[in-house]
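K.L.:
Please see the structure below; I have some questions.
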There are 2 protein chains.
Amino acid sequence: MSGHKPQPLENAMRPAALPEQLRIACAQCNLVELCLPVGLPANDLKKLDTLVSVRKRVKRHQALFESQAPFEALYAVRLGSFKTVLTLTDGREQVTGFQMTGELLGLDGIGSGRHAVTAIALEDSEVCVIEYAQLEALAQEIPALMTQFHKVLSREIVREQGVMTLLGSMRAEERLAAFLLNLSQRFATRGFSPNQFRLRMTREEIGSYLGLKLETVSRTLSAFQEAGYLRVDRREIVLLDREGLRQLLYPERTDPANATAP
Amino acid sequence: MSGHKPQPLENAMRPAALPEQLRIACAQCNLVELCLPVGLPANDLKKLDTLVSVRKRVKRHQALFESQAPFEALYAVRLGSFKTVLTLTDGREQVTGFQMTGELLGLDGIGSGRHAVTAIALEDSEVCVIEYAQLEALAQEIPALMTQFHKVLSREIVREQGVMTLLGSMRAEERLAAFLLNLSQRFATRGFSPNQFRLRMTREEIGSYLGLKLETVSRTLSAFQEAGYLRVDRREIVLLDREGLRQLLYPERTDPANATAP
DNA sequence: CGGGATATTGAACGGCATCAACGTGCGTGG
DNA sequence: CCACGCACGTTGATGCCGTTCAATATCCCG
């Protein structure tokens, strides 16, 4: 994958060469449009490569980093997917996010120097390791990188505000509809079908993220199927009526007369 | 108030023609320990002053900025307090945070160039205006400022994760206890009593933040008073048993044996 | 191939929302 | 300055949505 081949080929041939660490280059990564370097000119990308040169593999159910552990690096998901979990002192857990390819992990550690959440791979995955000290240094040199990094941080803040709203004022149906539409959109962004995908997480993990019990997630999915919005078989989802789900989320504005500003 | 130095400008040098904008200086601001410039050396503080030179007054119930409006500046609360509100297309609202002196507003706008939330003053307030373009430029010059800014952003991410957990997995009593303890701690940080304070927000706003209805907030406060945790009179709160509230939050695990079914 | 993890579905319960009535302090205007 | 009106807060009664408890099915994964 670190070669001159124009096409990435993902899982084509990967001899069991390097177990944990692999060299790569942002400039040749097909995720460059989704990841931290969005919009950086080619020469800046080269500098970034000096920094992001190590990949790390994380097996399914394994932790990339643990809550309370010293913060040293950010991680860009290169392959696979993760969940981040916040654990209360009494053992209750809250899933605070699901991360797909191109998304960053570890932003929660910058403020205190320790990770606030635990990141766990939902499937066998790979991340690019971004030493934070080096990133700071490089951001000092490359204004565009600093700007981009601020945007990433800000967008994470906005994403979480969205989840707060979901948790604070939506009903179970709406929460799940919002969740599915969000997943759908993220798959589409990555070049996959927005209408057919495989959930990487369990009902319980979805429930934790949405503030629901796994039984409620299961029941609501069944209800959606019953209503013709989708078909569900275990973790396979086929969305049959995205617009219907969206209307669930944003209750009727059918009448153009009272259709106000967006 | 500011220290030994003769009281700066305030409205001195400015002709009274400017009711909205006032000159100030970070170096003389008593909030310097809470605000963005935490830990900056004196000479860097001076540079920051070239940037943060305008104050703005916002009257109670007035918006500092509106959702969807173009993002141009961050705001540091100098006096008073604010709430940030996210409005759904169907009109439902979610309070995503309450900001006290020294805290920053507007971080949500960096990512998209537009504000995601509306910021409304809970009482007559004043903010320092921090032009974002200038902040970026200065952060490029002053590594310590950039680092500090990243920490502020990261801490906001962590704070929101805490709220997500509260909304996703806590009961009404726990949510309110967590809220009161958080307020208490923030008042203490600002040199006020942690045991006695005045709520700046209505029951409805608290409820919106905590994902509860205002009646539930009211009832739960009454229940806390009944239980001896606090005294409440309208918006005046006297905490009588902070430790008790804390135990409510983190259920006692004194004996693992009987820690199971009731 | 076996067993634990995962998922579905049903029945009953309970916490919080909803609906409603009333009390009260505060700002506004007469 | 006082009285009015209204936003804000409290409390009660009732009902619903999601949880809890439980039983069963099924699929991976080792």
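By order in the structure tokens, chains are A, B, ...; within a chain, residues start at 1; ligands start at 1, following the order shown.
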In Å, how much C-alpha RMSD is there between chain B and chain A after the fit, with all atoms paired in order?
P.N.:
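When all C-alpha atoms are superposed, the deviation is 3.6 Å.
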K.L.:
Residues of chain D were defined as contacting chain A if any atom lay at most 10 Å from it, counting only C-alpha atoms (C1' of nucleotides); please report them as JSON, numbers by chain.
P.N.:
{"D": [17, 18, 19, 20, 26, 27]}
K.L.:
Next, the residues of the selection above should be written as an mmCIF file, in the first residue's frame with C-alpha atoms (C1' of nucleotides).
P.N.:
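Written output follows (part-v6.cif):
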```cif
data_model
loop_
_atom_site.group_PDB
_atom_site.id
_atom_site.type_symbol
_atom_site.label_atom_id
_atom_site.label_comp_id
_atom_site.auth_asym_id
_atom_site.auth_seq_id
_atom_site.Cartn_x
_atom_site.Cartn_y
_atom_site.Cartn_z
ATOM 1 C "C1'" DC D 17 -43.177 5.561 26.723
ATOM 2 C "C1'" DG D 18 -39.323 3.199 27.590
ATOM 3 C "C1'" DT D 19 -37.409 0.129 31.121
ATOM 4 C "C1'" DT D 20 -37.196 -4.136 33.434
ATOM 5 C "C1'" DT D 26 -29.778 -17.802 16.340
ATOM 6 C "C1'" DC D 27 -25.293 -16.653 14.968
#
```
K.L.:
Need the shell around DA7 of chain C: protein/DNA/RNA residues with any atom at most 12 Å away, counting only C-alpha atoms (C1' of nucleotides). Skip same-chain ones fewer than 3 positions apart. Format as a VMD selection string?
P.N.:
(chain A and resid 202 to 204 214 to 219 221 to 222 232 to 235) or (chain D and resid 24 to 27)
K.L.:
Report the residues of segment 3-236 of chain B whose backbone DSSP state falls under strand (DSSP E or B), written as a PyMOL selection string.
P.N.:
chain B and resi 21-22+54-58+63-65+70+73-79+82-87+93-99+104-105+114+118-121+125-131+196-198+230-233+236
K.L.:
Taking only C-alpha atoms (C1' of nucleotides) into account and nothing else, which residues of chain C lie no more than 12 Å away from chain B? Please answer as a list of chain:residue names.
P.N.:
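Using only C-alpha atoms (C1' of nucleotides), chain C residues at most 12 Å from chain B: C:DG15, C:DC16, C:DA17, C:DT18, C:DC19, C:DT24, C:DG25.
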K.L.:
Please produce a file of those selected residues containing all heavy atoms, as a compact mmCIF listing (two decimals), in the first residue's frame.
P.N.:
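What ended up in again26.txt:
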```txt
# COMPACT_ATOMS: atom_id res chain seq x y z
P DG C 15 -39.78 4.50 39.94
OP1 DG C 15 -38.81 3.68 40.69
OP2 DG C 15 -40.91 5.15 40.63
O5' DG C 15 -38.98 5.60 39.11
C5' DG C 15 -38.22 5.19 37.98
C4' DG C 15 -38.34 6.22 36.88
O4' DG C 15 -39.60 6.07 36.19
C3' DG C 15 -38.29 7.67 37.34
O3' DG C 15 -37.56 8.41 36.38
C2' DG C 15 -39.76 8.09 37.39
C1' DG C 15 -40.35 7.28 36.25
N9 DG C 15 -41.74 6.88 36.42
C8 DG C 15 -42.35 6.51 37.60
N7 DG C 15 -43.61 6.18 37.44
C5 DG C 15 -43.84 6.34 36.08
C6 DG C 15 -45.02 6.12 35.32
O6 DG C 15 -46.13 5.74 35.70
N1 DG C 15 -44.82 6.42 33.98
C2 DG C 15 -43.64 6.85 33.43
N2 DG C 15 -43.64 7.07 32.12
N3 DG C 15 -42.52 7.04 34.13
C4 DG C 15 -42.70 6.77 35.44
P DC C 16 -36.95 9.82 36.73
OP1 DC C 16 -35.53 9.74 36.37
OP2 DC C 16 -37.38 10.22 38.08
O5' DC C 16 -37.67 10.75 35.68
C5' DC C 16 -37.65 10.39 34.31
C4' DC C 16 -38.88 10.93 33.62
O4' DC C 16 -40.06 10.27 34.12
C3' DC C 16 -39.12 12.42 33.77
O3' DC C 16 -39.09 13.01 32.47
C2' DC C 16 -40.50 12.53 34.44
C1' DC C 16 -41.13 11.19 34.08
N1 DC C 16 -42.18 10.69 35.00
C2 DC C 16 -43.40 10.25 34.48
O2 DC C 16 -43.58 10.27 33.26
N3 DC C 16 -44.35 9.79 35.33
C4 DC C 16 -44.13 9.77 36.64
N4 DC C 16 -45.10 9.31 37.43
C5 DC C 16 -42.90 10.23 37.20
C6 DC C 16 -41.95 10.67 36.35
P DA C 17 -39.46 14.50 32.19
OP1 DA C 17 -38.46 14.97 31.22
OP2 DA C 17 -39.69 15.25 33.43
O5' DA C 17 -40.83 14.34 31.41
C5' DA C 17 -40.90 13.43 30.33
C4' DA C 17 -42.28 13.43 29.69
O4' DA C 17 -43.25 12.86 30.61
C3' DA C 17 -42.83 14.80 29.33
O3' DA C 17 -43.55 14.70 28.11
C2' DA C 17 -43.73 15.16 30.51
C1' DA C 17 -44.24 13.80 30.96
N9 DA C 17 -44.41 13.68 32.41
C8 DA C 17 -43.50 13.98 33.38
N7 DA C 17 -43.92 13.75 34.60
C5 DA C 17 -45.22 13.26 34.43
C6 DA C 17 -46.21 12.84 35.33
N6 DA C 17 -46.03 12.83 36.66
N1 DA C 17 -47.38 12.42 34.82
C2 DA C 17 -47.54 12.42 33.49
N3 DA C 17 -46.68 12.80 32.53
C4 DA C 17 -45.53 13.21 33.08
P DT C 18 -44.15 15.96 27.40
OP1 DT C 18 -44.15 15.68 25.95
OP2 DT C 18 -43.48 17.15 27.95
O5' DT C 18 -45.67 15.99 27.91
C5' DT C 18 -46.48 14.84 27.72
C4' DT C 18 -47.82 15.05 28.38
O4' DT C 18 -47.69 14.88 29.81
C3' DT C 18 -48.45 16.43 28.16
O3' DT C 18 -49.75 16.24 27.63
C2' DT C 18 -48.48 17.05 29.56
C1' DT C 18 -48.51 15.82 30.46
N1 DT C 18 -47.96 15.99 31.84
C2 DT C 18 -48.70 15.56 32.91
O2 DT C 18 -49.80 15.07 32.80
N3 DT C 18 -48.08 15.74 34.13
C4 DT C 18 -46.84 16.28 34.36
O4 DT C 18 -46.40 16.39 35.50
C5 DT C 18 -46.12 16.71 33.20
C7 DT C 18 -44.75 17.31 33.34
C6 DT C 18 -46.69 16.54 31.99
P DC C 19 -50.52 17.48 26.98
OP1 DC C 19 -51.29 16.95 25.83
OP2 DC C 19 -49.60 18.61 26.83
O5' DC C 19 -51.55 17.83 28.15
C5' DC C 19 -52.37 16.78 28.69
C4' DC C 19 -53.09 17.27 29.92
O4' DC C 19 -52.20 17.24 31.05
C3' DC C 19 -53.62 18.71 29.82
O3' DC C 19 -54.98 18.72 30.24
C2' DC C 19 -52.71 19.49 30.77
C1' DC C 19 -52.38 18.41 31.81
N1 DC C 19 -51.15 18.66 32.59
C2 DC C 19 -51.13 18.35 33.97
O2 DC C 19 -52.15 17.90 34.49
N3 DC C 19 -50.00 18.58 34.67
C4 DC C 19 -48.92 19.08 34.07
N4 DC C 19 -47.83 19.27 34.81
C5 DC C 19 -48.92 19.39 32.67
C6 DC C 19 -50.05 19.16 31.97
P DT C 24 -48.79 32.31 47.98
OP1 DT C 24 -48.06 31.81 49.16
OP2 DT C 24 -49.98 33.18 48.10
O5' DT C 24 -47.74 33.05 47.03
C5' DT C 24 -46.61 32.32 46.54
C4' DT C 24 -45.73 33.27 45.75
O4' DT C 24 -46.17 33.31 44.36
C3' DT C 24 -45.75 34.72 46.23
O3' DT C 24 -44.44 35.23 46.13
C2' DT C 24 -46.66 35.40 45.23
C1' DT C 24 -46.24 34.65 43.97
N1 DT C 24 -47.17 34.73 42.82
C2 DT C 24 -46.64 34.89 41.57
O2 DT C 24 -45.46 34.98 41.34
N3 DT C 24 -47.58 34.95 40.56
C4 DT C 24 -48.95 34.87 40.70
O4 DT C 24 -49.70 34.94 39.73
C5 DT C 24 -49.43 34.71 42.06
C7 DT C 24 -50.89 34.60 42.30
C6 DT C 24 -48.53 34.64 43.03
P DG C 25 -43.87 36.21 47.27
OP1 DG C 25 -43.22 35.43 48.34
OP2 DG C 25 -44.95 37.18 47.60
O5' DG C 25 -42.74 36.97 46.46
C5' DG C 25 -41.79 36.19 45.74
C4' DG C 25 -41.53 36.83 44.40
O4' DG C 25 -42.71 36.79 43.58
C3' DG C 25 -41.12 38.31 44.48
O3' DG C 25 -39.98 38.48 43.67
C2' DG C 25 -42.33 39.06 43.95
C1' DG C 25 -42.91 38.05 42.97
N9 DG C 25 -44.35 38.17 42.73
C8 DG C 25 -45.35 38.20 43.67
N7 DG C 25 -46.55 38.28 43.15
C5 DG C 25 -46.32 38.31 41.78
C6 DG C 25 -47.24 38.39 40.70
O6 DG C 25 -48.47 38.47 40.76
N1 DG C 25 -46.59 38.41 39.49
C2 DG C 25 -45.24 38.33 39.30
N2 DG C 25 -44.79 38.35 38.05
N3 DG C 25 -44.36 38.25 40.30
C4 DG C 25 -44.97 38.25 41.51
```
K.L.:
Looking at only C-alpha atoms (C1' of nucleotides), which of D:DC16, D:DA22, D:DC29, D:DC4 is the one that sits closest to DG14 of chain C?
P.N.:
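When distances to DG14 of chain C are compared using only C-alpha atoms (C1' of nucleotides), the smallest one comes from D:DC16.
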K.L.:
I want to know what sits within 12 Å of DC2 of chain D, based on only C-alpha atoms (C1' of nucleotides), with residues of the same chain fewer than 4 positions away left out; could you give that as a list in words?
P.N.:
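Answer for this query is DT28, DG29 and DG30 of chain C.
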K.L.:
Please build the interface table for chain B against chain A with a cut-off of 6 Å, listing for each qualifying residue the nearest atom pair and the distance in Å to one decimal; count only C-alpha atoms, order rows by chain and increasing number, and write it as a Markdown table.
P.N.:
```
| residue | atom | partner | partner_atom | distance |
| --- | --- | --- | --- | --- |
| B:Gln94 | CA | A:Thr165 | CA | 5.5 |
| B:Asp108 | CA | A:Ser154 | CA | 5.4 |
| B:Ile110 | CA | A:Lys151 | CA | 5.6 |
| B:Gly111 | CA | A:Lys151 | CA | 4.0 |
| B:Gln140 | CA | A:Gln140 | CA | 5.6 |
| B:Lys151 | CA | A:Gly111 | CA | 4.0 |
| B:Ser154 | CA | A:Gly111 | CA | 5.0 |
| B:Arg155 | CA | A:Gly111 | CA | 5.1 |
| B:Ile157 | CA | A:Ile157 | CA | 5.5 |
| B:Val158 | CA | A:Asp108 | CA | 5.7 |
| B:Met164 | CA | A:Met164 | CA | 5.6 |
| B:Thr165 | CA | A:Gln94 | CA | 5.5 |
| B:Leu167 | CA | A:Leu167 | CA | 5.8 |
| B:Gly168 | CA | A:Gly211 | CA | 4.0 |
| B:Gly211 | CA | A:Gly168 | CA | 4.0 |
```
K.L.:
One decimal, in Å: what's the spacing between atom CA of Val54 of chain A and atom CA of Leu199 of chain A?
P.N.:
28.1 Å
K.L.:
Using DSSP on the backbone, list every residue of segment 21-162 of chain A that comes out as alpha helix (DSSP H), and give them as a PyMOL selection string.
P.N.:
chain A and resi 42-51+132-141+143-162
K.L.:
In Å, with one decimal, what is the gap from atom C1' of DA12 of chain C to atom CA of Leu176 of chain A?
P.N.:
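According to the coordinates, atom C1' of DA12 of chain C and atom CA of Leu176 of chain A are separated by 24.7 Å.
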K.L.:
Counting only C-alpha atoms (C1' of nucleotides), which residue out of C:DC13, C:DA21, C:DC26, C:DA5 sits closest to DT11 of chain D?
P.N.:
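Of C:DC13, C:DA21, C:DC26, C:DA5, the one nearest DT11 of chain D, counting only C-alpha atoms (C1' of nucleotides), is C:DA21.
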K.L.:
Could you check how far atom CA of Asn182 of chain B sits from atom CA of Tyr75 of chain B, in Å to one decimal?
P.N.:
21.9 Å
